[in-house]
>>> print(open('entry.cif').read())   # mmCIF, C-alpha atoms
data_my_file
#
loop_
_atom_site.label_atom_id
_atom_site.label_comp_id
_atom_site.auth_asym_id
_atom_site.auth_seq_id
_atom_site.Cartn_x
_atom_site.Cartn_y
_atom_site.Cartn_z
CA MET F 63 -19.77 178.11 128.15
CA PRO F 64 -22.55 178.41 130.77
CA THR F 65 -22.47 181.51 132.94
CA THR F 66 -21.74 181.07 136.65
CA THR F 67 -24.17 183.16 138.68
CA ILE F 68 -22.74 184.59 141.90
CA ALA F 69 -25.49 185.80 144.24
CA VAL F 70 -24.47 188.26 146.95
CA LEU F 71 -27.13 188.57 149.63
CA LEU F 72 -28.02 192.10 150.74
CA PHE F 73 -30.15 193.06 153.74
CA PRO F 74 -30.63 196.05 156.04
CA ARG F 75 -27.71 196.82 158.36
CA LEU F 76 -25.11 194.69 156.61
CA THR F 77 -21.40 195.52 156.75
CA ALA F 78 -20.52 197.11 153.42
CA LEU F 79 -17.05 195.63 152.86
CA ASP F 80 -18.35 192.12 153.57
CA ALA F 81 -20.27 192.39 150.30
CA ILE F 82 -18.15 194.86 148.33
CA GLY F 83 -14.81 193.16 149.04
CA PRO F 84 -15.89 189.91 147.34
CA TYR F 85 -17.66 191.93 144.64
CA GLU F 86 -14.43 193.73 143.70
CA ALA F 87 -12.47 190.47 143.65
CA LEU F 88 -15.04 188.58 141.57
CA GLN F 89 -16.83 191.08 139.33
CA ARG F 90 -14.48 190.68 136.35
CA LEU F 91 -13.93 186.95 136.67
CA PRO F 92 -14.53 185.40 133.23
CA GLY F 93 -17.73 183.44 132.78
CA THR F 94 -19.48 184.86 135.82
CA ASP F 95 -22.53 187.04 136.38
CA LEU F 96 -22.66 188.72 139.80
CA VAL F 97 -26.07 189.80 141.14
CA PHE F 98 -27.11 191.43 144.41
CA VAL F 99 -30.15 189.60 145.80
CA GLY F 100 -32.45 190.22 148.73
CA ALA F 101 -35.97 190.00 150.09
CA GLU F 102 -37.17 192.73 147.74
CA VAL F 103 -35.71 194.93 145.03
CA GLY F 104 -34.52 198.34 146.17
CA GLU F 105 -32.05 200.04 148.45
CA VAL F 106 -30.85 198.73 151.78
CA ARG F 107 -28.75 200.80 154.15
CA THR F 108 -25.57 199.50 155.75
CA GLU F 109 -25.25 199.08 159.50
CA ASN F 110 -24.49 202.71 160.31
CA GLY F 111 -27.00 204.00 157.78
CA PHE F 112 -24.44 206.07 155.89
CA LEU F 113 -24.26 203.94 152.74
CA GLY F 114 -26.98 202.50 150.54
CA LEU F 115 -26.63 199.39 148.37
CA ARG F 116 -29.20 198.21 145.85
CA VAL F 117 -30.86 194.81 145.67
CA ASP F 118 -31.34 194.08 141.96
CA ALA F 119 -33.16 190.74 142.19
CA THR F 120 -35.34 189.00 144.75
CA LEU F 121 -34.47 185.65 146.27
CA ALA F 122 -37.25 184.12 144.19
CA ASP F 123 -35.69 185.56 141.04
CA VAL F 124 -32.42 183.71 141.70
CA PRO F 125 -33.38 180.37 143.24
CA ALA F 126 -30.32 178.37 142.22
CA PRO F 127 -27.13 180.43 141.90
CA GLU F 128 -23.90 178.55 141.41
CA VAL F 129 -22.24 180.62 144.15
CA VAL F 130 -23.79 182.19 147.25
CA VAL F 131 -22.01 184.94 149.20
CA VAL F 132 -23.54 185.90 152.55
CA PRO F 133 -22.06 189.04 154.15
CA GLY F 134 -22.30 189.89 157.80
CA GLY F 135 -23.29 192.86 159.92
CA ILE F 136 -25.65 193.47 162.81
CA GLY F 137 -28.52 192.91 160.38
CA THR F 138 -27.81 189.18 160.33
CA ARG F 139 -29.44 188.82 163.74
CA ALA F 140 -32.86 189.77 162.40
CA LEU F 141 -32.49 187.17 159.64
CA MET F 142 -31.55 184.27 161.89
CA ASP F 143 -35.27 183.64 162.40
CA ASP F 144 -36.37 184.75 158.93
CA ALA F 145 -37.97 181.69 157.38
CA ALA F 146 -37.79 182.95 153.79
CA THR F 147 -34.08 183.78 153.90
CA LEU F 148 -33.14 180.54 155.64
CA ALA F 149 -35.25 178.49 153.24
CA TRP F 150 -33.55 180.19 150.28
CA LEU F 151 -30.11 179.43 151.71
CA ARG F 152 -30.97 175.77 152.23
CA SER F 153 -32.50 175.43 148.79
CA ALA F 154 -29.71 177.31 147.00
CA HIS F 155 -27.09 175.23 148.77
CA GLU F 156 -28.61 172.02 147.43
CA THR F 157 -27.37 172.88 143.94
CA SER F 158 -24.66 175.52 144.49
CA ARG F 159 -21.05 174.91 143.61
CA PHE F 160 -20.05 176.93 146.67
CA THR F 161 -21.96 178.51 149.53
CA THR F 162 -19.85 181.10 151.32
CA SER F 163 -20.00 183.69 154.07
CA VAL F 164 -18.05 186.65 155.36
CA CYS F 165 -17.93 187.74 159.00
CA THR F 166 -21.27 187.12 160.76
CA GLY F 167 -22.77 185.88 157.52
CA SER F 168 -21.74 182.49 158.92
CA LEU F 169 -24.42 182.93 161.59
CA LEU F 170 -27.00 182.71 158.82
CA LEU F 171 -25.40 179.61 157.35
CA GLY F 172 -25.44 178.15 160.84
CA ALA F 173 -29.06 179.14 161.44
CA ALA F 174 -29.96 177.45 158.15
CA GLY F 175 -28.38 174.24 159.46
CA LEU F 176 -25.53 174.24 156.96
CA LEU F 177 -22.69 174.29 159.50
CA ASP F 178 -23.77 171.59 161.96
CA GLY F 179 -20.64 169.96 163.33
CA LEU F 180 -18.35 171.83 160.92
CA THR F 181 -15.47 174.09 161.76
CA ALA F 182 -16.24 177.63 160.63
CA THR F 183 -15.10 181.17 161.22
CA THR F 184 -16.64 184.57 161.82
CA HIS F 185 -15.74 187.91 163.39
CA TRP F 186 -13.74 187.30 166.54
CA ALA F 187 -16.37 188.97 168.73
CA CYS F 188 -19.09 186.57 167.55
CA ARG F 189 -17.55 183.13 167.95
CA ASP F 190 -19.90 182.21 170.82
CA GLU F 191 -22.91 183.15 168.69
CA LEU F 192 -21.58 180.98 165.90
CA ALA F 193 -21.11 178.05 168.27
CA ALA F 194 -24.75 178.37 169.34
CA THR F 195 -25.80 177.53 165.76
CA GLY F 196 -24.07 174.16 165.87
CA ALA F 197 -20.80 175.15 164.21
CA LEU F 198 -17.32 174.72 165.69
CA PRO F 199 -15.70 178.19 165.66
CA VAL F 200 -12.01 178.49 164.82
CA PRO F 201 -9.88 181.65 164.57
CA ASP F 202 -8.71 180.94 161.01
CA ARG F 203 -9.11 183.66 158.40
CA VAL F 204 -10.72 181.36 155.81
CA VAL F 205 -12.15 177.89 156.50
CA GLU F 206 -12.93 175.48 153.64
CA HIS F 207 -15.04 172.35 153.51
CA LEU F 208 -14.83 171.67 149.81
CA ASP F 209 -16.50 168.28 150.15
CA ARG F 210 -19.51 170.14 151.58
CA ARG F 211 -19.09 173.09 149.18
CA ILE F 212 -18.87 175.57 152.06
CA ILE F 213 -16.31 178.31 152.70
CA THR F 214 -16.49 180.75 155.61
CA ALA F 215 -14.35 183.85 156.11
CA ALA F 216 -13.64 185.74 159.32
CA GLY F 217 -14.22 189.46 159.87
CA VAL F 218 -14.84 191.97 157.10
CA SER F 219 -11.56 192.24 155.14
CA SER F 220 -11.13 188.47 155.07
CA GLY F 221 -13.91 188.35 152.49
CA ILE F 222 -11.36 189.49 149.90
CA ASP F 223 -9.11 186.54 150.75
CA MET F 224 -12.08 184.19 150.51
CA ALA F 225 -13.15 185.64 147.16
CA LEU F 226 -9.67 185.23 145.67
CA ARG F 227 -9.64 181.60 146.76
CA LEU F 228 -13.10 181.26 145.23
CA ALA F 229 -11.79 182.72 141.96
CA GLU F 230 -9.12 180.03 141.94
CA LEU F 231 -11.69 177.30 142.51
CA LEU F 232 -14.05 178.64 139.84
CA VAL F 233 -11.40 179.27 137.16
CA ASP F 234 -7.74 178.68 138.05
CA GLU F 235 -4.83 180.08 140.05
CA VAL F 236 -3.75 182.50 137.35
CA ALA F 237 -7.25 183.97 137.18
CA ALA F 238 -7.24 184.47 140.94
CA LYS F 239 -3.84 186.12 140.82
CA ALA F 240 -5.07 188.36 138.00
CA MET F 241 -8.02 189.45 140.15
CA GLN F 242 -5.63 190.15 143.03
CA LEU F 243 -3.37 192.28 140.86
CA MET F 244 -6.33 194.04 139.25
CA ILE F 245 -7.49 195.33 142.64
CA GLU F 246 -3.85 195.78 143.76
CA TYR F 247 -4.49 193.74 146.87
CA ASP F 248 -1.10 193.81 148.55
CA PRO F 249 -1.82 194.45 152.25
CA GLN F 250 0.86 196.33 154.15
CA PRO F 251 -1.03 197.71 157.17
CA PRO F 252 0.67 200.30 159.36
CA PHE F 253 -0.08 198.29 162.52
CA SER F 254 0.05 194.62 163.45
CA CYS F 255 -3.24 194.31 165.30
CA GLY F 256 -5.63 192.96 162.70
CA SER F 257 -6.58 189.86 164.67
CA LEU F 258 -7.73 189.29 168.23
CA GLU F 259 -4.55 187.36 168.93
CA SER F 260 -2.31 190.25 167.83
CA ALA F 261 -4.17 193.12 169.57
CA ASP F 262 -3.54 194.32 173.11
CA GLN F 263 -6.32 194.90 175.64
CA ALA F 264 -6.44 198.66 175.13
CA VAL F 265 -7.21 198.17 171.45
CA ILE F 266 -9.80 195.48 172.16
CA ASP F 267 -11.54 197.71 174.71
CA ARG F 268 -11.65 200.58 172.21
CA VAL F 269 -13.20 198.33 169.54
CA ILE F 270 -15.88 197.21 171.98
CA ALA F 271 -16.63 200.81 172.95
CA TYR F 272 -16.84 201.98 169.35
CA ALA F 273 -19.10 199.07 168.39
CA ALA F 274 -21.45 199.77 171.29
CA GLU F 275 -21.93 203.34 170.07
CA ARG F 276 -23.33 202.07 166.75
CA ASP F 277 -25.60 199.28 168.06
#
>>> encode(input="entry.cif", output="structure tokens")
Amino acid sequence: MPTTTIAVLLFPRLTALDAIGPYEALQRLPGTDLVFVGAEVGEVRTENGFLGLRVDATLADVPAPEVVVVPGGIGTRALMDDAATLAWLRSAHETSRFTTSVCTGSLLLGAAGLLDGLTATTHWACRDELAATGALPVPDRVVEHLDRRIITAAGVSSGIDMALRLAELLVDEVAAKAMQLMIEYDPQPPFSCGSLESADQAVIDRVIAYAAERD
């Protein structure tokens, strides 16, 4: 059986869970080979600089992965005009089984012209930026266009949901459920404010203030 290559894009100032959430949900999926790709081999630091992740292969080394996962983070803004990254996304999408994003990773898909006229999702604070790329932002947690082989996920933790759905599409429902049980993904958060629609203004203001401190 041919191996399905899953390429997770890494870049400076990405959001760690955007990449690591899907990694944890997909790394043991039968018949797959997960590789972290980027502009050059070596370490990149996440958006606050506290955590380093390693790029193991260049974009040129993995020109045609079966699955593309694009995480988000403030570092996506620098890549929205990066010709090499956008060209790789367009080229990889021509032959991929699925091209996916988490959080503001959808901005890169949009900048590459892959979301023109399509509904898509991203972090709630970045919907206007997504719209500027030609996409139609919606507040859904995961948005699929299987006929176009594109799946976008909203902010950060939603990448796990997207990856489990991807596991189902790549193998079957039982495999996806096995991945979910393996990582014991059974969310029971102590508060009900995990979406913009469920949070009050005091919480929203605090998020904005905290984010501004890190920019």
>>> atom_distance(input="entry.cif", atom1="CA of Ile136 (chain F)", atom2="CA of Cys255 (chain F)")
22.6 Å
>>> atom_distance(input="entry.cif", atom1="CA of Ala229 (chain F)", atom2="CA of Ala122 (chain F)")
25.6 Å
>>> atom_distance(input="entry.cif", atom1="CA of Val233 (chain F)", atom2="CA of Tyr85 (chain F)")
16.0 Å
>>> closest_residue(input="entry.cif", among="F:Leu171, F:Leu121, F:Ala216, F:Leu228", to="Cys188 (chain F)", atoms="all atoms listed in the file")
F:Ala216
>>> resolve_selection(input="entry.cif", expression="the PyMOL selection byres ((chain F and resi 111) around 12)", output="NGL selection string")
:F and (74-78 or 105-110 or 112-115 or 135-137 or 276-277)
>>> write_last_selection(input="entry.cif", atoms="C-alpha atoms", output="short mmCIF file (atom, residue, chain, number, x, y, z; two decimals), in the frame of the given file")
data_model
loop_
_atom_site.label_atom_id
_atom_site.label_comp_id
_atom_site.auth_asym_id
_atom_site.auth_seq_id
_atom_site.Cartn_x
_atom_site.Cartn_y
_atom_site.Cartn_z
CA PRO F 74 -30.63 196.05 156.04
CA ARG F 75 -27.71 196.82 158.36
CA LEU F 76 -25.11 194.69 156.61
CA THR F 77 -21.40 195.52 156.75
CA ALA F 78 -20.52 197.11 153.42
CA GLU F 105 -32.05 200.04 148.45
CA VAL F 106 -30.85 198.73 151.78
CA ARG F 107 -28.75 200.80 154.15
CA THR F 108 -25.57 199.50 155.75
CA GLU F 109 -25.25 199.08 159.50
CA ASN F 110 -24.49 202.71 160.31
CA PHE F 112 -24.44 206.07 155.89
CA LEU F 113 -24.26 203.94 152.74
CA GLY F 114 -26.98 202.50 150.54
CA LEU F 115 -26.63 199.39 148.37
CA GLY F 135 -23.29 192.86 159.92
CA ILE F 136 -25.65 193.47 162.81
CA GLY F 137 -28.52 192.91 160.38
CA ARG F 276 -23.33 202.07 166.75
CA ASP F 277 -25.60 199.28 168.06
#
>>> resolve_selection(input="entry.cif", expression="the PyMOL selection byres ((chain F and resi 200-210) around 8)", output="ChimeraX atom specification")
/F:181-184,186,189,198-199,211-217,220,223-224
>>> residues_around(input="entry.cif", residues="Leu177 (chain F)", least_positions_apart="6", cutoff="8 Å", atoms="all atoms listed in the file", output="list in words")
Leu171, Thr195, Gly196 and Ala197 of chain F
>>> resolve_selection(input="entry.cif", expression="the PyMOL selection byres ((chain F and resi 148) around 10)", output="NGL selection string")
:F and (141-147 or 149-154 or 170-176)
>>> write_last_selection(input="entry.cif", atoms="C-alpha atoms", output="compact mmCIF listing (two decimals), keeping the file's coordinate frame")
# COMPACT_ATOMS: atom_id res chain seq x y z
CA LEU F 141 -32.49 187.17 159.64
CA MET F 142 -31.55 184.27 161.89
CA ASP F 143 -35.27 183.64 162.40
CA ASP F 144 -36.37 184.75 158.93
CA ALA F 145 -37.97 181.69 157.38
CA ALA F 146 -37.79 182.95 153.79
CA THR F 147 -34.08 183.78 153.90
CA ALA F 149 -35.25 178.49 153.24
CA TRP F 150 -33.55 180.19 150.28
CA LEU F 151 -30.11 179.43 151.71
CA ARG F 152 -30.97 175.77 152.23
CA SER F 153 -32.50 175.43 148.79
CA ALA F 154 -29.71 177.31 147.00
CA LEU F 170 -27.00 182.71 158.82
CA LEU F 171 -25.40 179.61 157.35
CA GLY F 172 -25.44 178.15 160.84
CA ALA F 173 -29.06 179.14 161.44
CA ALA F 174 -29.96 177.45 158.15
CA GLY F 175 -28.38 174.24 159.46
CA LEU F 176 -25.53 174.24 156.96
>>> residues_near_point(input="entry.cif", point="(-28.6, 187.5, 150.1)", cutoff="9 Å", atoms="all atoms listed in the file", output="list of chain:residue names")
F:Ala69, F:Val70, F:Leu71, F:Leu72, F:Phe73, F:Phe98, F:Val99, F:Gly100, F:Ala101, F:Val117, F:Thr120, F:Leu121, F:Val130, F:Val131, F:Val132, F:Pro133, F:Thr147, F:Trp150, F:Leu151
>>> closest_residue(input="entry.cif", among="F:Leu79, F:Pro92, F:Ser257, F:Glu86", to="Val236 (chain F)", atoms="only C-alpha atoms")
F:Pro92
>>> build_atoms(input="entry.cif", residues="region 134-160 of chain F", atoms="N, CA and C atoms", output="PDB file, in the coordinates of the input")
ATOM      1  N   GLY F 134     -21.872 189.774 156.426  1.00  0.00           N
ATOM      2  CA  GLY F 134     -22.300 189.890 157.800  1.00  0.00           C
ATOM      3  C   GLY F 134     -22.759 191.303 158.139  1.00  0.00           C
ATOM      4  N   GLY F 135     -22.780 191.590 159.430  1.00  0.00           N
ATOM      5  CA  GLY F 135     -23.290 192.860 159.920  1.00  0.00           C
ATOM      6  C   GLY F 135     -24.342 192.610 160.983  1.00  0.00           C
ATOM      7  N   ILE F 136     -24.672 193.628 161.742  1.00  0.00           N
ATOM      8  CA  ILE F 136     -25.650 193.470 162.810  1.00  0.00           C
ATOM      9  C   ILE F 136     -26.998 193.012 162.261  1.00  0.00           C
ATOM     10  N   GLY F 137     -27.258 193.307 160.986  1.00  0.00           N
ATOM     11  CA  GLY F 137     -28.520 192.910 160.380  1.00  0.00           C
ATOM     12  C   GLY F 137     -28.706 191.409 160.245  1.00  0.00           C
ATOM     13  N   THR F 138     -27.652 190.634 160.406  1.00  0.00           N
ATOM     14  CA  THR F 138     -27.810 189.180 160.330  1.00  0.00           C
ATOM     15  C   THR F 138     -28.686 188.656 161.453  1.00  0.00           C
ATOM     16  N   ARG F 139     -28.679 189.341 162.593  1.00  0.00           N
ATOM     17  CA  ARG F 139     -29.440 188.820 163.740  1.00  0.00           C
ATOM     18  C   ARG F 139     -30.929 188.756 163.439  1.00  0.00           C
ATOM     19  N   ALA F 140     -31.441 189.763 162.741  1.00  0.00           N
ATOM     20  CA  ALA F 140     -32.860 189.770 162.400  1.00  0.00           C
ATOM     21  C   ALA F 140     -33.215 188.660 161.420  1.00  0.00           C
ATOM     22  N   LEU F 141     -32.230 188.196 160.648  1.00  0.00           N
ATOM     23  CA  LEU F 141     -32.490 187.170 159.640  1.00  0.00           C
ATOM     24  C   LEU F 141     -32.310 185.760 160.164  1.00  0.00           C
ATOM     25  N   MET F 142     -31.789 185.610 161.366  1.00  0.00           N
ATOM     26  CA  MET F 142     -31.550 184.270 161.890  1.00  0.00           C
ATOM     27  C   MET F 142     -32.843 183.520 162.160  1.00  0.00           C
ATOM     28  N   ASP F 143     -33.956 184.259 162.240  1.00  0.00           N
ATOM     29  CA  ASP F 143     -35.270 183.640 162.400  1.00  0.00           C
ATOM     30  C   ASP F 143     -36.173 183.925 161.206  1.00  0.00           C
ATOM     31  N   ASP F 144     -35.583 184.411 160.109  1.00  0.00           N
ATOM     32  CA  ASP F 144     -36.370 184.750 158.930  1.00  0.00           C
ATOM     33  C   ASP F 144     -36.533 183.512 158.054  1.00  0.00           C
ATOM     34  N   ALA F 145     -37.733 182.970 158.050  1.00  0.00           N
ATOM     35  CA  ALA F 145     -37.970 181.690 157.380  1.00  0.00           C
ATOM     36  C   ALA F 145     -37.648 181.747 155.892  1.00  0.00           C
ATOM     37  N   ALA F 146     -37.996 182.861 155.231  1.00  0.00           N
ATOM     38  CA  ALA F 146     -37.790 182.950 153.790  1.00  0.00           C
ATOM     39  C   ALA F 146     -36.310 182.944 153.431  1.00  0.00           C
ATOM     40  N   THR F 147     -35.520 183.721 154.174  1.00  0.00           N
ATOM     41  CA  THR F 147     -34.080 183.780 153.900  1.00  0.00           C
ATOM     42  C   THR F 147     -33.413 182.436 154.172  1.00  0.00           C
ATOM     43  N   LEU F 148     -33.746 181.820 155.296  1.00  0.00           N
ATOM     44  CA  LEU F 148     -33.140 180.540 155.640  1.00  0.00           C
ATOM     45  C   LEU F 148     -33.543 179.444 154.654  1.00  0.00           C
ATOM     46  N   ALA F 149     -34.798 179.483 154.221  1.00  0.00           N
ATOM     47  CA  ALA F 149     -35.250 178.490 153.240  1.00  0.00           C
ATOM     48  C   ALA F 149     -34.510 178.669 151.915  1.00  0.00           C
ATOM     49  N   TRP F 150     -34.291 179.930 151.522  1.00  0.00           N
ATOM     50  CA  TRP F 150     -33.550 180.190 150.280  1.00  0.00           C
ATOM     51  C   TRP F 150     -32.123 179.674 150.399  1.00  0.00           C
ATOM     52  N   LEU F 151     -31.477 179.907 151.525  1.00  0.00           N
ATOM     53  CA  LEU F 151     -30.110 179.430 151.710  1.00  0.00           C
ATOM     54  C   LEU F 151     -30.041 177.908 151.623  1.00  0.00           C
ATOM     55  N   ARG F 152     -30.973 177.245 152.276  1.00  0.00           N
ATOM     56  CA  ARG F 152     -30.970 175.770 152.230  1.00  0.00           C
ATOM     57  C   ARG F 152     -31.195 175.276 150.807  1.00  0.00           C
ATOM     58  N   SER F 153     -32.166 175.860 150.137  1.00  0.00           N
ATOM     59  CA  SER F 153     -32.500 175.430 148.790  1.00  0.00           C
ATOM     60  C   SER F 153     -31.360 175.733 147.810  1.00  0.00           C
ATOM     61  N   ALA F 154     -30.812 176.939 147.894  1.00  0.00           N
ATOM     62  CA  ALA F 154     -29.710 177.310 147.000  1.00  0.00           C
ATOM     63  C   ALA F 154     -28.504 176.417 147.217  1.00  0.00           C
ATOM     64  N   HIS F 155     -28.257 176.053 148.468  1.00  0.00           N
ATOM     65  CA  HIS F 155     -27.090 175.230 148.770  1.00  0.00           C
ATOM     66  C   HIS F 155     -27.211 173.827 148.186  1.00  0.00           C
ATOM     67  N   GLU F 156     -28.418 173.360 147.984  1.00  0.00           N
ATOM     68  CA  GLU F 156     -28.610 172.020 147.430  1.00  0.00           C
ATOM     69  C   GLU F 156     -27.952 171.866 146.066  1.00  0.00           C
ATOM     70  N   THR F 157     -27.910 172.965 145.299  1.00  0.00           N
ATOM     71  CA  THR F 157     -27.370 172.880 143.940  1.00  0.00           C
ATOM     72  C   THR F 157     -26.169 173.794 143.699  1.00  0.00           C
ATOM     73  N   SER F 158     -25.766 174.584 144.698  1.00  0.00           N
ATOM     74  CA  SER F 158     -24.660 175.520 144.490  1.00  0.00           C
ATOM     75  C   SER F 158     -23.334 174.781 144.335  1.00  0.00           C
ATOM     76  N   ARG F 159     -22.424 175.425 143.634  1.00  0.00           N
ATOM     77  CA  ARG F 159     -21.050 174.910 143.610  1.00  0.00           C
ATOM     78  C   ARG F 159     -20.347 175.277 144.906  1.00  0.00           C
ATOM     79  N   PHE F 160     -20.625 176.492 145.407  1.00  0.00           N
ATOM     80  CA  PHE F 160     -20.050 176.930 146.670  1.00  0.00           C
ATOM     81  C   PHE F 160     -21.036 177.849 147.381  1.00  0.00           C
TER      82      PHE F 160
END
